[in-house]
Each structure stands twice: as C-alpha cells, then as structure tokens.
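Shown here: model_33.cif, mmCIF, C-alpha atoms.
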```cif
data_input
loop_
_atom_site.group_PDB
_atom_site.id
_atom_site.type_symbol
_atom_site.label_atom_id
_atom_site.label_comp_id
_atom_site.auth_asym_id
_atom_site.auth_seq_id
_atom_site.Cartn_x
_atom_site.Cartn_y
_atom_site.Cartn_z
ATOM 1 C CA MET S 1 0.000 0.000 0.000
ATOM 2 C CA LEU S 2 1.180 3.510 -0.770
ATOM 3 C CA THR S 3 0.008 6.522 1.203
ATOM 4 C CA LEU S 4 -1.127 9.266 -1.133
ATOM 5 C CA THR S 5 -1.495 12.254 1.121
ATOM 6 C CA ALA S 6 -0.057 14.588 -1.496
ATOM 7 C CA VAL S 7 -2.222 13.271 -4.301
ATOM 8 C CA LEU S 8 -5.556 13.255 -2.510
ATOM 9 C CA ALA S 9 -5.043 16.134 -0.143
ATOM 10 C CA THR S 10 -4.328 18.594 -2.927
ATOM 11 C CA GLY S 11 -7.591 18.358 -4.547
ATOM 12 C CA CYS S 12 -8.726 14.826 -5.241
ATOM 13 C CA THR S 13 -28.539 -2.234 -11.197
ATOM 14 C CA ALA S 14 -26.955 -1.384 -7.316
ATOM 15 C CA SER S 15 -27.866 -3.484 -4.296
ATOM 16 C CA ALA S 16 -29.499 -0.421 -2.702
ATOM 17 C CA PRO S 17 -31.288 1.717 -5.303
ATOM 18 C CA VAL S 18 -30.223 5.336 -5.427
ATOM 19 C CA GLU S 19 -32.444 8.264 -6.169
ATOM 20 C CA PRO S 20 -32.701 8.932 -9.905
ATOM 21 C CA SER S 21 -32.910 12.692 -9.462
ATOM 22 C CA ASP S 22 -29.961 14.959 -10.293
ATOM 23 C CA THR S 23 -28.319 12.428 -12.560
ATOM 24 C CA ASP S 24 -26.160 12.753 -15.626
ATOM 25 C CA PRO S 25 -27.089 10.807 -18.747
ATOM 26 C CA ALA S 26 -25.726 7.269 -18.892
ATOM 27 C CA PRO S 27 -22.104 7.165 -20.128
ATOM 28 C CA LEU S 28 -21.780 6.498 -23.839
ATOM 29 C CA SER S 29 -20.037 3.344 -24.952
ATOM 30 C CA VAL S 30 -17.670 5.464 -27.073
ATOM 31 C CA PRO S 31 -16.907 9.203 -26.977
ATOM 32 C CA ASP S 32 -17.247 11.119 -30.193
ATOM 33 C CA PRO S 33 -13.824 11.999 -31.599
ATOM 34 C CA ALA S 34 -11.340 9.156 -32.006
ATOM 35 C CA PRO S 35 -7.959 9.953 -30.403
ATOM 36 C CA LEU S 36 -6.044 8.735 -33.454
ATOM 37 C CA SER S 37 -6.191 9.735 -37.094
ATOM 38 C CA VAL S 38 -7.142 6.501 -38.828
ATOM 39 C CA PRO S 39 -8.718 5.677 -42.169
ATOM 40 C CA ASP S 40 -12.490 6.070 -42.238
ATOM 41 C CA PRO S 41 -13.940 2.627 -41.408
ATOM 42 C CA ALA S 42 -17.331 3.519 -42.904
ATOM 43 C CA SER S 43 -16.456 1.731 -46.134
ATOM 44 C CA LEU S 44 -15.955 -1.557 -44.259
ATOM 45 C CA SER S 45 -18.831 -3.867 -43.442
ATOM 46 C CA ALA S 46 -19.234 -4.968 -39.817
ATOM 47 C CA SER S 47 -17.897 -8.423 -40.679
ATOM 48 C CA GLU S 48 -15.171 -7.559 -43.216
ATOM 49 C CA PRO S 49 -11.630 -8.170 -41.870
ATOM 50 C CA VAL S 50 -9.299 -5.191 -41.728
ATOM 51 C CA ALA S 51 -6.850 -5.541 -44.608
ATOM 52 C CA GLY S 52 -3.165 -6.108 -43.907
ATOM 53 C CA CYS S 53 -3.640 -7.052 -40.264
ATOM 54 C CA GLY S 54 -4.586 -10.723 -40.188
ATOM 55 C CA PRO S 55 -2.681 -14.018 -40.231
ATOM 56 C CA GLY S 56 0.235 -13.878 -42.640
ATOM 57 C CA SER S 57 0.505 -10.080 -42.473
ATOM 58 C CA GLY S 58 3.566 -10.164 -40.213
ATOM 59 C CA ALA S 59 2.041 -7.439 -38.062
ATOM 60 C CA THR S 60 1.589 -9.516 -34.887
ATOM 61 C CA LYS S 61 4.175 -10.723 -32.377
ATOM 62 C CA ASN S 62 3.688 -14.290 -33.584
ATOM 63 C CA ASP S 63 2.658 -14.501 -37.206
ATOM 64 C CA GLY S 64 -0.598 -16.384 -37.636
ATOM 65 C CA SER S 65 -1.821 -15.726 -34.087
ATOM 66 C CA LEU S 66 -2.928 -12.787 -31.946
ATOM 67 C CA THR S 67 -1.627 -12.370 -28.390
ATOM 68 C CA LEU S 68 -3.857 -10.385 -26.031
ATOM 69 C CA ALA S 69 -3.156 -9.344 -22.451
ATOM 70 C CA THR S 70 -5.090 -8.475 -19.318
ATOM 71 C CA ASP S 71 -4.500 -8.588 -15.582
ATOM 72 C CA SER S 72 -5.485 -11.360 -13.181
ATOM 73 C CA PRO S 73 -8.045 -11.669 -11.699
ATOM 74 C CA ALA S 74 -10.208 -10.582 -14.653
ATOM 75 C CA TYR S 75 -13.091 -8.809 -12.929
ATOM 76 C CA PRO S 76 -16.760 -8.603 -13.926
ATOM 77 C CA PRO S 77 -18.522 -6.862 -15.583
ATOM 78 C CA TRP S 78 -15.487 -6.560 -17.846
ATOM 79 C CA PHE S 79 -14.850 -10.315 -17.985
ATOM 80 C CA ALA S 80 -16.800 -13.372 -16.852
ATOM 81 C CA SER S 81 -15.730 -16.384 -14.762
ATOM 82 C CA ASP S 82 -12.189 -14.934 -14.535
ATOM 83 C CA ASP S 83 -11.634 -16.256 -18.061
ATOM 84 C CA PRO S 84 -10.786 -13.491 -20.563
ATOM 85 C CA ALA S 85 -10.654 -15.998 -23.438
ATOM 86 C CA ASN S 86 -14.310 -17.048 -23.210
ATOM 87 C CA GLY S 87 -15.570 -13.939 -25.046
ATOM 88 C CA GLU S 88 -17.889 -12.975 -22.173
ATOM 89 C CA GLY S 89 -18.095 -9.808 -20.101
ATOM 90 C CA TYR S 90 -17.890 -6.460 -21.873
ATOM 91 C CA GLU S 91 -14.131 -6.383 -22.468
ATOM 92 C CA GLY S 92 -13.972 -10.104 -23.152
ATOM 93 C CA ALA S 93 -16.606 -9.650 -25.851
ATOM 94 C CA VAL S 94 -14.910 -6.522 -27.253
ATOM 95 C CA ALA S 95 -11.571 -8.367 -27.437
ATOM 96 C CA ARG S 96 -13.168 -11.227 -29.339
ATOM 97 C CA GLN S 97 -14.953 -8.887 -31.735
ATOM 98 C CA VAL S 98 -11.766 -6.914 -32.429
ATOM 99 C CA ALA S 99 -9.860 -10.143 -33.038
ATOM 100 C CA GLU S 100 -12.501 -11.296 -35.508
ATOM 101 C CA ARG S 101 -12.402 -7.949 -37.330
ATOM 102 C CA LEU S 102 -8.649 -8.442 -37.672
ATOM 103 C CA GLY S 103 -9.187 -11.897 -39.160
ATOM 104 C CA TYR S 104 -8.385 -14.107 -36.135
ATOM 105 C CA ASP S 105 -10.791 -16.770 -34.895
ATOM 106 C CA SER S 106 -10.828 -17.864 -31.249
ATOM 107 C CA ASP S 107 -8.401 -20.722 -31.958
ATOM 108 C CA SER S 108 -5.826 -18.184 -33.174
ATOM 109 C CA VAL S 109 -6.058 -15.946 -30.087
ATOM 110 C CA ARG S 110 -4.288 -16.468 -26.772
ATOM 111 C CA PHE S 111 -4.363 -14.393 -23.598
ATOM 112 C CA VAL S 112 -1.382 -13.704 -21.356
ATOM 113 C CA VAL S 113 -1.410 -12.224 -17.861
ATOM 114 C CA VAL S 114 0.174 -8.775 -17.672
ATOM 115 C CA PRO S 115 -0.279 -6.569 -14.576
ATOM 116 C CA PHE S 116 -2.000 -3.228 -15.159
ATOM 117 C CA ALA S 117 1.094 -1.073 -14.528
ATOM 118 C CA ASP S 118 3.372 -3.317 -16.621
ATOM 119 C CA ALA S 119 1.109 -3.008 -19.654
ATOM 120 C CA LEU S 120 1.437 0.797 -19.465
ATOM 121 C CA ALA S 121 5.203 0.813 -18.899
ATOM 122 C CA PRO S 122 7.518 1.802 -21.771
ATOM 123 C CA GLY S 123 9.405 -0.837 -23.694
ATOM 124 C CA VAL S 124 8.911 -3.939 -25.815
ATOM 125 C CA LYS S 125 5.674 -5.859 -25.159
ATOM 126 C CA ASP S 126 5.029 -9.592 -25.427
ATOM 127 C CA PHE S 127 1.437 -8.952 -26.520
ATOM 128 C CA ASP S 128 -0.262 -7.396 -29.541
ATOM 129 C CA PHE S 129 -2.759 -5.422 -27.473
ATOM 130 C CA ALA S 130 -3.908 -5.298 -23.860
ATOM 131 C CA ILE S 131 -7.433 -4.673 -22.601
ATOM 132 C CA ASN S 132 -8.020 -3.771 -18.950
ATOM 133 C CA GLN S 133 -9.985 -0.504 -18.551
ATOM 134 C CA PHE S 134 -6.973 1.558 -19.612
ATOM 135 C CA THR S 135 -7.877 5.236 -19.706
ATOM 136 C CA ILE S 136 -6.444 7.115 -22.673
ATOM 137 C CA SER S 137 -4.286 10.004 -21.473
ATOM 138 C CA ASP S 138 -1.583 12.222 -22.932
ATOM 139 C CA ASP S 139 1.021 11.303 -20.318
ATOM 140 C CA ARG S 140 0.576 7.588 -21.019
ATOM 141 C CA ARG S 141 0.973 8.153 -24.764
ATOM 142 C CA SER S 142 4.669 8.840 -24.239
ATOM 143 C CA ALA S 143 5.128 5.174 -23.309
ATOM 144 C CA VAL S 144 2.475 3.261 -25.274
ATOM 145 C CA ASP S 145 0.018 3.521 -28.150
ATOM 146 C CA PHE S 146 -3.742 3.565 -27.657
ATOM 147 C CA SER S 147 -6.452 2.465 -30.030
ATOM 148 C CA SER S 148 -9.544 4.504 -30.705
ATOM 149 C CA PRO S 149 -11.762 4.422 -27.591
ATOM 150 C CA TYR S 150 -14.273 1.638 -27.039
ATOM 151 C CA TYR S 151 -15.992 2.893 -23.863
ATOM 152 C CA ALA S 152 -16.513 6.135 -21.908
ATOM 153 C CA VAL S 153 -17.240 5.987 -18.213
ATOM 154 C CA ALA S 154 -17.470 8.209 -15.126
ATOM 155 C CA GLN S 155 -15.782 7.520 -11.788
ATOM 156 C CA ALA S 156 -17.856 6.620 -8.739
ATOM 157 C CA VAL S 157 -17.711 6.165 -4.970
ATOM 158 C CA VAL S 158 -18.578 3.036 -2.945
ATOM 159 C CA ALA S 159 -18.849 2.936 0.862
ATOM 160 C CA LEU S 160 -19.984 0.592 3.609
ATOM 161 C CA ARG S 161 -23.752 0.769 3.957
ATOM 162 C CA GLU S 162 -23.597 1.763 7.648
ATOM 163 C CA SER S 163 -20.745 4.248 7.208
ATOM 164 C CA PRO S 164 -21.302 8.030 7.435
ATOM 165 C CA ALA S 165 -19.633 8.201 4.011
ATOM 166 C CA ALA S 166 -22.659 6.427 2.557
ATOM 167 C CA GLU S 167 -24.716 9.547 3.296
ATOM 168 C CA ALA S 168 -22.572 11.812 1.095
ATOM 169 C CA ARG S 169 -24.585 13.723 -1.486
ATOM 170 C CA SER S 170 -21.844 15.974 -2.861
ATOM 171 C CA THR S 171 -18.079 16.114 -3.244
ATOM 172 C CA ALA S 172 -18.001 18.564 -0.312
ATOM 173 C CA ASP S 173 -19.519 15.828 1.864
ATOM 174 C CA LEU S 174 -16.532 13.577 1.102
ATOM 175 C CA VAL S 175 -13.764 15.881 2.336
ATOM 176 C CA ARG S 176 -13.629 14.382 5.843
ATOM 177 C CA PHE S 177 -13.333 10.780 4.688
ATOM 178 C CA ARG S 178 -10.374 8.551 3.837
ATOM 179 C CA LEU S 179 -10.507 7.616 0.160
ATOM 180 C CA GLY S 180 -8.808 4.683 -1.536
ATOM 181 C CA ALA S 181 -8.351 3.415 -5.087
ATOM 182 C CA GLN S 182 -6.225 1.094 -7.201
ATOM 183 C CA GLU S 183 -2.730 2.439 -7.763
ATOM 184 C CA HIS S 184 -1.889 3.711 -11.259
ATOM 185 C CA SER S 185 -5.619 4.093 -11.971
ATOM 186 C CA THR S 186 -7.254 7.322 -13.084
ATOM 187 C CA SER S 187 -9.658 6.894 -10.170
ATOM 188 C CA LEU S 188 -6.946 8.469 -8.005
ATOM 189 C CA GLY S 189 -6.519 11.399 -10.366
ATOM 190 C CA THR S 190 -10.260 11.966 -10.555
ATOM 191 C CA ALA S 191 -10.512 11.952 -6.774
ATOM 192 C CA ALA S 192 -7.603 14.376 -6.490
ATOM 193 C CA ALA S 193 -9.153 16.738 -9.034
ATOM 194 C CA THR S 194 -12.647 16.560 -7.555
ATOM 195 C CA VAL S 195 -12.474 16.175 -3.772
ATOM 196 C CA GLN S 196 -10.562 18.583 -1.509
ATOM 197 C CA THR S 197 -10.077 15.820 1.037
ATOM 198 C CA GLU S 198 -8.748 16.576 4.517
ATOM 199 C CA LEU S 199 -7.365 13.060 5.127
ATOM 200 C CA PRO S 200 -4.683 10.957 3.464
ATOM 201 C CA GLY S 201 -5.826 8.597 0.736
ATOM 202 C CA THR S 202 -4.372 5.190 0.011
ATOM 203 C CA ALA S 203 -3.500 3.354 -3.203
ATOM 204 C CA TYR S 204 -3.801 -0.419 -3.401
ATOM 205 C CA ALA S 205 -2.203 -2.846 -5.816
ATOM 206 C CA THR S 206 -5.550 -4.288 -6.956
ATOM 207 C CA ASN S 207 -9.253 -3.598 -6.596
ATOM 208 C CA ASP S 208 -9.498 -6.732 -4.458
ATOM 209 C CA ASP S 209 -7.004 -5.219 -2.005
ATOM 210 C CA ALA S 210 -8.959 -1.964 -1.998
ATOM 211 C CA LYS S 211 -12.248 -3.782 -1.354
ATOM 212 C CA GLU S 212 -10.686 -5.648 1.573
ATOM 213 C CA ALA S 213 -9.433 -2.341 2.980
ATOM 214 C CA LEU S 214 -12.939 -0.894 2.730
ATOM 215 C CA LEU S 215 -14.459 -3.898 4.511
ATOM 216 C CA ALA S 216 -11.758 -3.723 7.199
ATOM 217 C CA GLY S 217 -12.369 -0.018 7.839
ATOM 218 C CA GLU S 218 -8.932 1.096 6.637
ATOM 219 C CA ILE S 219 -10.635 3.534 4.259
ATOM 220 C CA ASP S 220 -14.085 5.129 4.342
ATOM 221 C CA ALA S 221 -14.837 5.071 0.628
ATOM 222 C CA LEU S 222 -13.508 3.463 -2.524
ATOM 223 C CA VAL S 223 -13.193 5.315 -5.854
ATOM 224 C CA VAL S 224 -13.623 3.102 -8.930
ATOM 225 C CA ASP S 225 -15.103 3.351 -12.394
ATOM 226 C CA LEU S 226 -18.903 3.341 -12.371
ATOM 227 C CA PRO S 227 -19.603 -0.180 -13.737
ATOM 228 C CA THR S 228 -17.059 -1.660 -11.323
ATOM 229 C CA GLY S 229 -18.681 0.268 -8.466
ATOM 230 C CA LEU S 230 -22.088 -1.139 -9.343
ATOM 231 C CA GLN S 231 -20.602 -4.624 -9.505
ATOM 232 C CA ILE S 232 -19.003 -4.228 -6.063
ATOM 233 C CA SER S 233 -22.234 -2.951 -4.490
ATOM 234 C CA GLU S 234 -24.102 -5.949 -5.917
ATOM 235 C CA GLU S 235 -21.411 -8.428 -4.891
ATOM 236 C CA LEU S 236 -20.919 -7.142 -1.318
ATOM 237 C CA SER S 237 -24.212 -6.626 0.497
ATOM 238 C CA GLU S 238 -22.525 -4.515 3.177
ATOM 239 C CA THR S 239 -21.574 -1.877 0.599
ATOM 240 C CA VAL S 240 -23.595 0.723 -1.275
ATOM 241 C CA MET S 241 -23.061 2.919 -4.330
ATOM 242 C CA VAL S 242 -22.748 6.466 -2.987
ATOM 243 C CA GLY S 243 -22.783 8.174 -6.374
ATOM 244 C CA GLN S 244 -20.800 9.170 -9.439
ATOM 245 C CA PHE S 245 -18.701 12.237 -10.094
ATOM 246 C CA SER S 246 -20.337 14.742 -12.399
ATOM 247 C CA ARG S 247 -18.944 14.946 -15.892
ATOM 248 C CA SER S 248 -19.037 18.727 -15.523
ATOM 249 C CA THR S 249 -16.308 18.363 -12.880
ATOM 250 C CA ALA S 250 -14.379 15.423 -14.291
ATOM 251 C CA ALA S 251 -14.657 14.247 -17.874
ATOM 252 C CA PRO S 252 -15.507 10.582 -18.296
ATOM 253 C CA ASP S 253 -12.589 8.257 -18.843
ATOM 254 C CA ARG S 254 -12.162 6.943 -22.364
ATOM 255 C CA PHE S 255 -10.943 3.351 -22.407
ATOM 256 C CA GLY S 256 -8.623 2.255 -25.212
ATOM 257 C CA LEU S 257 -6.649 -0.851 -26.109
ATOM 258 C CA VAL S 258 -2.953 -0.570 -25.223
ATOM 259 C CA LEU S 259 -0.247 -1.427 -27.738
ATOM 260 C CA GLU S 260 3.536 -1.172 -27.845
ATOM 261 C CA LYS S 261 4.709 2.308 -28.840
ATOM 262 C CA ASP S 262 4.655 2.665 -32.643
ATOM 263 C CA SER S 263 3.156 -0.796 -33.040
ATOM 264 C CA PRO S 264 2.288 -1.809 -36.612
ATOM 265 C CA MET S 265 -1.047 -3.012 -35.188
ATOM 266 C CA THR S 266 -2.198 0.361 -33.804
ATOM 267 C CA THR S 267 -3.978 1.555 -36.928
ATOM 268 C CA CYS S 268 -5.386 -1.938 -37.580
ATOM 269 C CA VAL S 269 -6.875 -2.173 -34.091
ATOM 270 C CA SER S 270 -8.250 1.373 -34.221
ATOM 271 C CA ILE S 271 -10.035 0.678 -37.504
ATOM 272 C CA ALA S 272 -11.513 -2.501 -35.997
ATOM 273 C CA VAL S 273 -12.772 -0.594 -32.927
ATOM 274 C CA GLU S 274 -14.281 2.199 -35.029
ATOM 275 C CA THR S 275 -16.018 -0.345 -37.266
ATOM 276 C CA LEU S 276 -17.564 -1.934 -34.169
ATOM 277 C CA TYR S 277 -18.736 1.500 -33.066
ATOM 278 C CA ASP S 278 -20.169 2.485 -36.445
ATOM 279 C CA SER S 279 -22.066 -0.787 -36.759
ATOM 280 C CA GLY S 280 -23.611 -0.467 -33.269
ATOM 281 C CA VAL S 281 -21.822 -3.541 -31.926
ATOM 282 C CA LEU S 282 -20.167 -1.697 -29.029
ATOM 283 C CA ASP S 283 -23.479 -0.277 -27.844
ATOM 284 C CA ALA S 284 -25.083 -3.708 -28.083
ATOM 285 C CA LEU S 285 -22.285 -5.296 -26.048
ATOM 286 C CA ALA S 286 -22.558 -2.571 -23.403
ATOM 287 C CA GLY S 287 -26.291 -3.213 -23.178
ATOM 288 C CA THR S 288 -25.641 -6.929 -22.687
ATOM 289 C CA TRP S 289 -22.847 -6.837 -20.132
ATOM 290 C CA ILE S 290 -22.912 -3.526 -18.258
ATOM 291 C CA THR S 291 -25.552 -2.594 -15.696
ATOM 292 C CA ASP S 292 -27.614 0.476 -16.552
ATOM 293 C CA THR S 293 -25.931 3.463 -14.875
ATOM 294 C CA ALA S 294 -28.487 6.155 -15.686
ATOM 295 C CA GLY S 295 -30.038 6.296 -12.213
ATOM 296 C CA VAL S 296 -26.871 6.721 -10.183
ATOM 297 C CA ARG S 297 -26.786 9.890 -8.097
ATOM 298 C CA VAL S 298 -24.349 12.612 -9.196
ATOM 299 C CA LEU S 299 -22.046 14.004 -6.491
ATOM 300 C CA ASP S 300 -21.828 17.669 -7.494
#
```

What do you get writing this file as structure tokens?
Amino acid sequence: MLTLTAVLATGCTASAPVEPSDTDPAPLSVPDPAPLSVPDPASLSASEPVAGCGPGSGATKNDGSLTLATDSPAYPPWFASDDPANGEGYEGAVARQVAERLGYDSDSVRFVVVPFADALAPGVKDFDFAINQFTISDDRRSAVDFSSPYYAVAQAVVALRESPAAEARSTADLVRFRLGAQEHSTSLGTAAATVQTELPGTAYATNDDAKEALLAGEIDALVVDLPTGLQISEELSETVMVGQFSRSTAAPDRFGLVLEKDSPMTTCVSIAVETLYDSGVLDALAGTWITDTAGVRVLD
C-alpha cells in the first residue's frame, strides 16, 4: 500500500437503489472523436476483416496468431468467470470482436497475464494489445500507443452501507473521509481533481485489495469506475453505491486498447474498434454486459 497524502489532499442495477434525481445521462459506450487519425472505417462492413492485419501479415508478435493481455483476476462486468478468453463480459466480448475484425478466430487468439502497470510501462511488449480498462491520457501516450476508444465511463464512490460516508450527497460531503483506489488508476486522479479531502488517501495494488481495505475499515470510501462500483455494491451486500462524479467536474474516462509504442497493429486495431462503433456492436455489447448506470446519483 502507498500513502497518497499529497495526491488526494491537494484536490482529489446497485444493491441499494439510489435516487434517480440529479443524474447525468448514462455514459456512452464510445466518446465522439477518435484519439487517433485513422482511415475512415465507414467503407468496411461490420464483418469484413481489416486488410493487412490478419494471419500472414507479419504485423503480430507471432505470425498467424494474436496475443492479447489483461490482468489477473479478470473482474466482472469486464470479464466473466475470470476467463478473458471465453468472449464474455464487456471487455472479453470486445476483445473477441476486435480479433474477428482483424481476421483471427478464437483458436488463433491467446491471452497472457500482464499486470496493469506493466502493460502501461515503456518498452517492448510480449502482446499485440492489452485490454483492462486503460484510460487514454496524454502522459501515457509517451510510453504506449492507444487504439480509438471503445468505452466512456465516469468515476464513482462506494462505501460501507452503515458508514457516514454512505450519506454523502456531494463532493463537499466527502472531504472528511479517507478515500482509496487502485494504484496507477485514473480513479486516483479523478478523486484528487474533484475532492478537496482533509485526510490521506491510500492506493492499493488491486481492486481486491482496496475492497478488503474498505471492509476492514482502513478507508471510508472506494473510488472506482462506475460499472465496477455497481458490480461491487451488488457483490458485497454490506456496501452501497454512494454516487458518481459529475462529468461537468471530471470528464468521463475513455478506455482504449494498449499497444507497444509505434506498433504496426495500432492503426489496424483502431479501424476494428471504429467499425464496431459504427455498426452499433459496441453499444449492443454494453447493453448486454454492463448494468444500466443512468439512475446513479451525481455528487456535485
């Protein structure tokens, strides 16, 4: 665990239904402008493979196969049954769809375990792309490439049901509480930019560690992305979704696939993602795997 006094002190369907008033619209599955300049995918059909990217192209780490990466455990709603290769959960399904658009069937795809921070570190990668709720940001672009975004999401706050933090209705109400989040995540940055907390915050290696800290009373509230927060509040009956940060105070994160810097696959993967967006596949997958977030209270 790392104490983040400097970071947090300088600015930083649910198990118990929340009031639907004062809510932002549900996050879109994809924000409007793509972060990369890629060829217009409109001319491609939803099932047509992206040219020059498939088996035999020489663009992947191992010609003829596609190597994908994510962390372990692989959490819902992003993956299902802790098995990223089964094509279930939102990111599991997106990964499979992208692979198919690139011309790789499930027998030609393998997953490797790569910790969140390692995937974002500079240097040579042993995967073609990683998928693990990686927020696209300018500072990260110096080390890795990102694809066009496949999901946009707000950050949210989870607390123990009987905790005073559960009664927070605004960011001002959170200033007296100890906040925690996964290290290297943008949840920490969002908290720092949104809450003028009076107490040190703590970063944890994984969301599981952060959840345990919340249950043990080491922190008063946990900051996570909104779908993960809803999943936690459904999974742990002693917790409740407090609310989400307003997008007027903190723009929603835009998740992108991570690739090695200057990877030959970056444009290929971005075209595949944009084709999925244009054809409505990303919205359909979000509707299948991610709990409706429209009624979650906004913490102004």

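With distances restricted to all atoms listed in the file, S:Thr67 is the closest residue to Arg96 (chain S) from S:Val124, S:Met241, S:Glu162, S:Thr67.
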
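Here CA of Thr70 (chain S) stands at a distance of 26.7 Å from CA of Thr239 (chain S).
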
Can you pull out every residue within 6 Å of region 218-235 of chain S, counting only C-alpha atoms, but drop anything in the same chain fewer than 4 positions away, and send it as a PyMOL selection string? chain S and resi 14-15+154-159+177-181+187+213-214+239-241

How close does each residue of region 112-228 of chain S get to region 258-270 of chain S, giving the shortest atom pair and distance in Å to one decimal for every residue with an atom at most 7 Å away, counting only C-alpha atoms, sorted by chain and residue number, as a tab-separated table?
```
residue	atom	partner	partner_atom	distance
S:Val124	CA	S:Glu260	CA	6.4
S:Lys125	CA	S:Glu260	CA	5.8
S:Asp128	CA	S:Leu259	CA	6.2
S:Phe129	CA	S:Leu259	CA	4.7
S:Ala130	CA	S:Val258	CA	5.0
S:Ile131	CA	S:Val258	CA	6.6
S:Ala143	CA	S:Lys261	CA	6.2
S:Val144	CA	S:Lys261	CA	4.3
S:Asp145	CA	S:Lys261	CA	4.9
S:Phe146	CA	S:Val258	CA	4.9
S:Ser147	CA	S:Ser270	CA	4.7
S:Ser148	CA	S:Ser270	CA	4.9
```

Mind running region 120-155 of chain S against region 75-80 of chain S at 12 Å and telling me each contacting residue's nearest atom pair with the distance in Å (one decimal), counting all atoms listed in the file, chain and number ascending, as CSV?
```
residue,atom,partner,partner_atom,distance
S:Ile131,CA,S:Trp78,CA,9.5
S:Asn132,CA,S:Trp78,CA,8.0
S:Gln133,CA,S:Trp78,CA,8.2
S:Phe134,CA,S:Trp78,CA,11.9
S:Tyr151,CA,S:Trp78,CA,11.2
```
